[in-house]
Amino acid sequence: MNRSPSSSYQQWLASASACILFGNPNNKRTAGWQQARAHHHLSSALVVPYIRILHTIRVGESLDDLLQAVFQRQSHQSHPIEVASSISHQVPLLLRLDAPGDHFAVERELIALGASDAEGDIDDRLVPLDAYTVGHLISATEARRLQPQHGRIWYPAQWFRGYCRLLSWLQREVSILLPQAQWMNDPADIAVMFDKRRCHQWLHAAGVAVPPLVPDLLGQQSNYEQLRLSMEQHRIYRVFIKLFCGSAASGVIAYQYNPRTGAEIATTTIGIDHSGHEPFYYNSGRLRRYTDSATIVQIIDWLGREGMHVERWISKDSWQNKAYDIRQLVCRYESGHAVMRLSHTPITNLHLRNERLLVDQSHLSAEQVLQIQHIASAGLHCFPNSFCAGIDVLVPSSGGHPYIIDMNPFGDLLYYVEHQGLGTYAWELQQWLEHECI
């Protein structure tokens, strides 16, 4: 589709404070970013919905077509509010990608885009570990027929491929249309951070401390039998098994077995529904404890087909009889907001209604806080084209230096915590204005 660009659209693209936010409108993330821009006296971001991006890819239109249509619909001002006088630099066009979750129509279209018969301009160059990102496949038509089922984990490997295809399309289109724009987090980096297997490789190669892996399983599809064989050969009796692209503890298993008795325990959020023709797997939103081998084999084999990442289980330090880890927000030049996540179980995600505590209210010493900030900063510096991330840091119970256990390019949605008197989004934007503007 060819549109004649309006003068107001062209003026907005060239304006001193323009920002494009690729995300899902009307959620807490989008609202938080718009509030941050208002706090810094900047014009509202142009919100480009994921569902519109997916439609544009499918029908073969361009990013320019999409932006013009969204701009006209949202009726932005011809002359956005300029940067406040306290900021001396000009602000380049900023591009921000937000999380694609919590929107079933988007999830369904991403699965369709990940299909082998997906329509549109298909580009797999940003898919990490491409040969091992396959999983159980359905057609694009079947994907669009899916109906919401609460908590169900829908075809995660195919969803991830679809998301990487979207990232590839955006990266290429932006390089053509908006070559002077700056990504807050580069699409290629987001793809790597999203894949726990590739991200672990990336960090390890850079010398950043990450939990050791179970040998013989990296970079390939595995199953329960292969996992147990490797564990037994290397005398490893406790591991963390993670769905390679999961979040919010979705697809995580704390697994252990007794080499003497053969008894095994899997603690996980994964539930199995047997009501249909074939079982499906869902995030129950609470931890379940499985001890029967048949169920454990079934779950681990499913994770293996979709893609699993297996780390040796490092016991977390505890406080007041609760295990904890730290979510540390980092921008390129500084560590900011930090939250301690505490649980009576080895899985500490806040989505499971675990306890949260501000780090400065905890028992951690100044030296420990600096170690946590240092490794989190080192992790982000492995991605020089990305500005911020929420990084999960494990402090081992045995003492010693901490480990990075997850890097989340969208890990900045932290409630009820401030740094330098600012919430997460306002602080990120302040860091950007101070350090990245030309």
# chains A, B, ... in the order shown; residues from 1 in each chain; ligands from 1
$ select_by_dssp --residues "range 12-209 of chain A" --states "helix (DSSP H, G or I)" --output "ChimeraX atom specification"
/A:12-13,28-39,50-59,63-74,104-113,130-132,140-144,156-177,187-194,196-205
$ write_last_selection --atoms "C-alpha atoms" --output "short mmCIF file (atom, residue, chain, number, x, y, z; two decimals), in the first residue's frame"
data_model
loop_
_atom_site.label_atom_id
_atom_site.label_comp_id
_atom_site.auth_asym_id
_atom_site.auth_seq_id
_atom_site.Cartn_x
_atom_site.Cartn_y
_atom_site.Cartn_z
CA TRP A 12 6.91 14.18 13.82
CA LEU A 13 9.56 11.75 12.53
CA LYS A 28 0.72 -1.33 32.65
CA ARG A 29 3.96 -1.29 30.68
CA THR A 30 2.69 1.09 28.02
CA ALA A 31 1.07 3.34 30.61
CA GLY A 32 4.24 3.36 32.70
CA TRP A 33 6.39 4.43 29.76
CA GLN A 34 3.99 7.21 28.77
CA GLN A 35 3.94 8.47 32.36
CA ALA A 36 7.75 8.48 32.39
CA ARG A 37 7.85 10.58 29.22
CA ALA A 38 5.36 13.03 30.70
CA HIS A 39 7.50 13.24 33.86
CA TYR A 50 2.07 -5.81 18.02
CA ILE A 51 -1.13 -6.99 16.40
CA ARG A 52 -0.78 -4.29 13.71
CA ILE A 53 2.86 -5.25 13.09
CA LEU A 54 1.85 -8.88 12.62
CA HIS A 55 -0.89 -7.92 10.15
CA THR A 56 1.56 -5.71 8.23
CA ILE A 57 4.06 -8.56 7.89
CA ARG A 58 1.34 -10.96 6.80
CA VAL A 59 -0.01 -8.73 4.00
CA LEU A 63 6.93 -0.19 8.26
CA ASP A 64 6.35 3.21 6.67
CA ASP A 65 2.81 2.16 5.73
CA LEU A 66 2.23 1.00 9.29
CA LEU A 67 3.63 4.07 11.02
CA GLN A 68 1.64 6.45 8.86
CA ALA A 69 -1.58 4.56 9.57
CA VAL A 70 -0.94 4.40 13.32
CA PHE A 71 0.13 8.06 13.43
CA GLN A 72 -3.04 9.17 11.71
CA ARG A 73 -5.16 7.02 13.99
CA GLN A 74 -3.59 8.23 17.20
CA PHE A 104 -3.96 -13.81 23.25
CA ALA A 105 -4.59 -12.47 19.74
CA VAL A 106 -0.92 -11.48 19.55
CA GLU A 107 0.18 -14.86 20.92
CA ARG A 108 -1.91 -16.64 18.32
CA GLU A 109 -0.53 -14.54 15.46
CA LEU A 110 3.05 -15.07 16.63
CA ILE A 111 2.46 -18.83 16.55
CA ALA A 112 1.06 -18.43 13.04
CA LEU A 113 4.10 -16.37 12.01
CA ASP A 130 17.95 -22.22 14.69
CA ALA A 131 18.24 -25.99 14.21
CA TYR A 132 17.04 -26.63 17.78
CA ALA A 140 -0.67 -20.96 10.34
CA THR A 141 -4.36 -21.69 9.77
CA GLU A 142 -4.48 -24.01 12.79
CA ALA A 143 -2.74 -21.37 14.88
CA ARG A 144 -5.37 -18.77 14.05
CA PRO A 156 6.48 -22.24 22.75
CA ALA A 157 9.18 -23.07 20.18
CA GLN A 158 6.91 -22.04 17.29
CA TRP A 159 5.87 -18.90 19.20
CA PHE A 160 9.54 -18.02 19.71
CA ARG A 161 10.34 -18.50 16.03
CA GLY A 162 7.44 -16.21 15.16
CA TYR A 163 8.67 -13.56 17.57
CA CYS A 164 12.20 -13.74 16.16
CA ARG A 165 10.74 -13.33 12.66
CA LEU A 166 8.92 -10.22 13.86
CA LEU A 167 12.15 -8.89 15.38
CA SER A 168 14.02 -9.56 12.13
CA TRP A 169 11.39 -7.72 10.11
CA LEU A 170 11.45 -4.72 12.45
CA GLN A 171 15.23 -4.53 12.48
CA ARG A 172 15.43 -4.57 8.69
CA GLU A 173 12.57 -2.14 8.13
CA VAL A 174 13.97 0.33 10.63
CA SER A 175 17.41 0.20 8.99
CA ILE A 176 15.76 1.22 5.70
CA LEU A 177 13.23 3.79 6.91
CA PRO A 187 16.09 -6.69 18.37
CA ALA A 188 19.01 -9.09 17.84
CA ASP A 189 19.99 -8.78 21.51
CA ILE A 190 16.41 -9.35 22.60
CA ALA A 191 16.29 -12.59 20.61
CA VAL A 192 19.46 -13.85 22.32
CA MET A 193 18.32 -12.84 25.81
CA PHE A 194 14.99 -14.58 25.23
CA LYS A 196 18.13 -19.11 27.77
CA ARG A 197 20.38 -21.61 25.98
CA ARG A 198 22.04 -19.07 23.70
CA CYS A 199 22.16 -16.38 26.38
CA HIS A 200 24.00 -18.75 28.72
CA GLN A 201 26.53 -19.50 25.97
CA TRP A 202 26.90 -15.77 25.25
CA LEU A 203 27.57 -14.84 28.89
CA HIS A 204 29.88 -17.78 29.55
CA ALA A 205 31.98 -16.97 26.49
#
$ select_by_dssp --residues "range 186-351 of chain A" --states "strand (DSSP E or B)" --output "ChimeraX atom specification"
/A:213,238-243,252-257,264-273,280-290,308-312,316,318-319,322-331,334-343
$ write_last_selection --atoms "C-alpha atoms" --output "compact mmCIF listing (two decimals), in the first residue's frame"
# COMPACT_ATOMS: atom_id res chain seq x y z
CA LEU A 213 25.41 -26.82 32.69
CA ARG A 238 19.90 -31.97 41.35
CA VAL A 239 19.22 -29.70 38.37
CA PHE A 240 17.09 -26.81 37.21
CA ILE A 241 15.29 -27.54 33.96
CA LYS A 242 13.94 -24.50 32.11
CA LEU A 243 11.82 -24.07 29.02
CA VAL A 252 10.69 -24.34 35.14
CA ILE A 253 11.38 -27.56 37.05
CA ALA A 254 13.54 -28.02 40.12
CA TYR A 255 14.39 -31.71 39.67
CA GLN A 256 16.27 -34.10 41.93
CA TYR A 257 16.66 -37.83 42.37
CA GLU A 264 12.71 -38.49 42.25
CA ILE A 265 10.97 -35.17 42.84
CA ALA A 266 9.99 -32.49 40.33
CA THR A 267 8.84 -29.14 41.72
CA THR A 268 7.27 -27.01 39.00
CA THR A 269 4.43 -24.75 37.92
CA ILE A 270 3.65 -27.08 35.01
CA GLY A 271 0.27 -28.77 35.11
CA ILE A 272 -1.10 -31.39 32.72
CA ASP A 273 -4.67 -31.43 31.44
CA PHE A 280 -1.68 -30.24 27.10
CA TYR A 281 0.57 -28.35 29.47
CA TYR A 282 -0.17 -25.16 31.34
CA ASN A 283 1.28 -22.79 33.90
CA SER A 284 -0.74 -23.48 37.01
CA GLY A 285 0.38 -20.27 38.73
CA ARG A 286 1.46 -22.25 41.78
CA LEU A 287 4.06 -24.88 42.50
CA ARG A 288 3.26 -28.58 42.20
CA ARG A 289 5.32 -31.45 43.53
CA TYR A 290 5.45 -34.60 41.39
CA MET A 308 15.00 -27.09 27.38
CA HIS A 309 17.94 -25.55 29.18
CA VAL A 310 19.42 -27.57 32.06
CA GLU A 311 21.68 -26.10 34.74
CA ARG A 312 23.24 -27.62 37.81
CA LYS A 316 20.48 -20.13 46.96
CA SER A 318 18.61 -17.72 52.52
CA TRP A 319 17.31 -15.07 54.84
CA LYS A 322 13.66 -18.35 52.85
CA ALA A 323 15.73 -18.82 49.72
CA TYR A 324 16.23 -15.67 47.70
CA ASP A 325 17.62 -14.19 44.53
CA ILE A 326 17.83 -10.60 43.29
CA ARG A 327 16.16 -8.87 40.36
CA GLN A 328 18.60 -6.09 39.51
CA LEU A 329 17.69 -3.44 36.95
CA VAL A 330 20.70 -2.13 35.02
CA CYS A 331 21.09 0.64 32.50
CA GLU A 334 24.46 2.34 36.34
CA SER A 335 22.68 -0.27 38.46
CA GLY A 336 19.32 0.94 39.68
CA HIS A 337 16.27 -0.64 41.24
CA ALA A 338 16.75 -3.97 43.00
CA VAL A 339 14.26 -6.36 44.59
CA MET A 340 14.96 -9.42 46.69
CA ARG A 341 12.59 -12.32 45.87
CA LEU A 342 12.11 -14.75 48.76
CA SER A 343 10.47 -18.17 48.89
$ atom_distance --atom1 "CA of Pro179 in chain A" --atom2 "CA of Leu93 in chain A"
10.0 Å
$ closest_residue --among "A:Val395, A:Cys388, A:Ile20, A:Cys245" --to "Ile153 in chain A" --atoms "only C-alpha atoms"
A:Cys245
$ closest_residue --among "A:Ala99, A:Ala248, A:Ala14, A:Ile347" --to "Gly151 in chain A" --atoms "only C-alpha atoms"
A:Ala248
$ atom_distance --atom1 "CA of Leu95 in chain A" --atom2 "CA of Glu119 in chain A"
25.8 Å
$ decode --residues "range 382-409 of chain A" --atoms "N, CA and C atoms" --output "PDB file, in the first residue's frame"
ATOM      1  N   CYS A 382      27.661  -7.347  27.956  1.00  0.00           N
ATOM      2  CA  CYS A 382      27.826  -8.350  26.894  1.00  0.00           C
ATOM      3  C   CYS A 382      26.921  -8.051  25.707  1.00  0.00           C
ATOM      4  N   PHE A 383      26.002  -7.110  25.883  1.00  0.00           N
ATOM      5  CA  PHE A 383      25.049  -6.723  24.838  1.00  0.00           C
ATOM      6  C   PHE A 383      25.200  -5.219  24.594  1.00  0.00           C
ATOM      7  N   PRO A 384      26.263  -4.808  23.904  1.00  0.00           N
ATOM      8  CA  PRO A 384      26.555  -3.377  23.779  1.00  0.00           C
ATOM      9  C   PRO A 384      25.515  -2.585  23.004  1.00  0.00           C
ATOM     10  N   ASN A 385      24.633  -3.249  22.286  1.00  0.00           N
ATOM     11  CA  ASN A 385      23.581  -2.545  21.551  1.00  0.00           C
ATOM     12  C   ASN A 385      22.273  -2.459  22.325  1.00  0.00           C
ATOM     13  N   SER A 386      22.319  -2.819  23.598  1.00  0.00           N
ATOM     14  CA  SER A 386      21.127  -2.735  24.441  1.00  0.00           C
ATOM     15  C   SER A 386      21.422  -1.867  25.651  1.00  0.00           C
ATOM     16  N   PHE A 387      20.406  -1.116  26.067  1.00  0.00           N
ATOM     17  CA  PHE A 387      20.599  -0.106  27.106  1.00  0.00           C
ATOM     18  C   PHE A 387      20.184  -0.563  28.485  1.00  0.00           C
ATOM     19  N   CYS A 388      19.188  -1.451  28.597  1.00  0.00           N
ATOM     20  CA  CYS A 388      18.700  -1.805  29.925  1.00  0.00           C
ATOM     21  C   CYS A 388      18.153  -3.224  29.938  1.00  0.00           C
ATOM     22  N   ALA A 389      18.185  -3.833  31.119  1.00  0.00           N
ATOM     23  CA  ALA A 389      17.630  -5.174  31.297  1.00  0.00           C
ATOM     24  C   ALA A 389      17.408  -5.417  32.783  1.00  0.00           C
ATOM     25  N   GLY A 390      16.458  -6.284  33.080  1.00  0.00           N
ATOM     26  CA  GLY A 390      16.271  -6.785  34.434  1.00  0.00           C
ATOM     27  C   GLY A 390      17.008  -8.108  34.539  1.00  0.00           C
ATOM     28  N   ILE A 391      17.955  -8.193  35.451  1.00  0.00           N
ATOM     29  CA  ILE A 391      18.859  -9.329  35.511  1.00  0.00           C
ATOM     30  C   ILE A 391      18.682 -10.039  36.847  1.00  0.00           C
ATOM     31  N   ASP A 392      18.444 -11.340  36.794  1.00  0.00           N
ATOM     32  CA  ASP A 392      18.267 -12.138  38.004  1.00  0.00           C
ATOM     33  C   ASP A 392      19.604 -12.701  38.437  1.00  0.00           C
ATOM     34  N   VAL A 393      19.945 -12.456  39.691  1.00  0.00           N
ATOM     35  CA  VAL A 393      21.255 -12.812  40.234  1.00  0.00           C
ATOM     36  C   VAL A 393      21.075 -13.752  41.414  1.00  0.00           C
ATOM     37  N   LEU A 394      21.819 -14.845  41.390  1.00  0.00           N
ATOM     38  CA  LEU A 394      21.787 -15.848  42.454  1.00  0.00           C
ATOM     39  C   LEU A 394      22.996 -15.664  43.363  1.00  0.00           C
ATOM     40  N   VAL A 395      22.743 -15.557  44.661  1.00  0.00           N
ATOM     41  CA  VAL A 395      23.806 -15.535  45.658  1.00  0.00           C
ATOM     42  C   VAL A 395      23.884 -16.942  46.250  1.00  0.00           C
ATOM     43  N   PRO A 396      24.988 -17.676  46.061  1.00  0.00           N
ATOM     44  CA  PRO A 396      25.046 -19.070  46.514  1.00  0.00           C
ATOM     45  C   PRO A 396      25.106 -19.181  48.029  1.00  0.00           C
ATOM     46  N   SER A 397      24.465 -20.222  48.562  1.00  0.00           N
ATOM     47  CA  SER A 397      24.457 -20.436  50.006  1.00  0.00           C
ATOM     48  C   SER A 397      25.836 -20.777  50.540  1.00  0.00           C
ATOM     49  N   SER A 398      26.685 -21.292  49.684  1.00  0.00           N
ATOM     50  CA  SER A 398      28.026 -21.693  50.091  1.00  0.00           C
ATOM     51  C   SER A 398      28.993 -20.529  50.152  1.00  0.00           C
ATOM     52  N   GLY A 399      28.533 -19.334  49.844  1.00  0.00           N
ATOM     53  CA  GLY A 399      29.405 -18.181  49.773  1.00  0.00           C
ATOM     54  C   GLY A 399      29.992 -18.036  48.383  1.00  0.00           C
ATOM     55  N   GLY A 400      30.906 -17.117  48.211  1.00  0.00           N
ATOM     56  CA  GLY A 400      31.513 -16.923  46.903  1.00  0.00           C
ATOM     57  C   GLY A 400      30.743 -15.918  46.081  1.00  0.00           C
ATOM     58  N   HIS A 401      31.188 -15.761  44.851  1.00  0.00           N
ATOM     59  CA  HIS A 401      30.632 -14.737  43.983  1.00  0.00           C
ATOM     60  C   HIS A 401      29.284 -15.174  43.402  1.00  0.00           C
ATOM     61  N   PRO A 402      28.405 -14.217  43.104  1.00  0.00           N
ATOM     62  CA  PRO A 402      27.073 -14.553  42.572  1.00  0.00           C
ATOM     63  C   PRO A 402      27.124 -14.967  41.106  1.00  0.00           C
ATOM     64  N   TYR A 403      25.976 -15.500  40.644  1.00  0.00           N
ATOM     65  CA  TYR A 403      25.811 -15.946  39.265  1.00  0.00           C
ATOM     66  C   TYR A 403      24.615 -15.221  38.642  1.00  0.00           C
ATOM     67  N   ILE A 404      24.674 -14.990  37.347  1.00  0.00           N
ATOM     68  CA  ILE A 404      23.487 -14.561  36.601  1.00  0.00           C
ATOM     69  C   ILE A 404      22.686 -15.791  36.216  1.00  0.00           C
ATOM     70  N   ILE A 405      21.392 -15.805  36.557  1.00  0.00           N
ATOM     71  CA  ILE A 405      20.543 -16.940  36.207  1.00  0.00           C
ATOM     72  C   ILE A 405      19.502 -16.590  35.149  1.00  0.00           C
ATOM     73  N   ASP A 406      19.335 -15.312  34.841  1.00  0.00           N
ATOM     74  CA  ASP A 406      18.412 -14.955  33.760  1.00  0.00           C
ATOM     75  C   ASP A 406      18.646 -13.494  33.387  1.00  0.00           C
ATOM     76  N   MET A 407      18.484 -13.190  32.098  1.00  0.00           N
ATOM     77  CA  MET A 407      18.529 -11.821  31.612  1.00  0.00           C
ATOM     78  C   MET A 407      17.226 -11.538  30.886  1.00  0.00           C
ATOM     79  N   ASN A 408      16.514 -10.537  31.360  1.00  0.00           N
ATOM     80  CA  ASN A 408      15.185 -10.243  30.832  1.00  0.00           C
ATOM     81  C   ASN A 408      15.195  -8.849  30.207  1.00  0.00           C
ATOM     82  N   PRO A 409      15.099  -8.768  28.872  1.00  0.00           N
ATOM     83  CA  PRO A 409      15.090  -7.445  28.232  1.00  0.00           C
ATOM     84  C   PRO A 409      13.857  -6.632  28.591  1.00  0.00           C
TER      85      PRO A 409
END
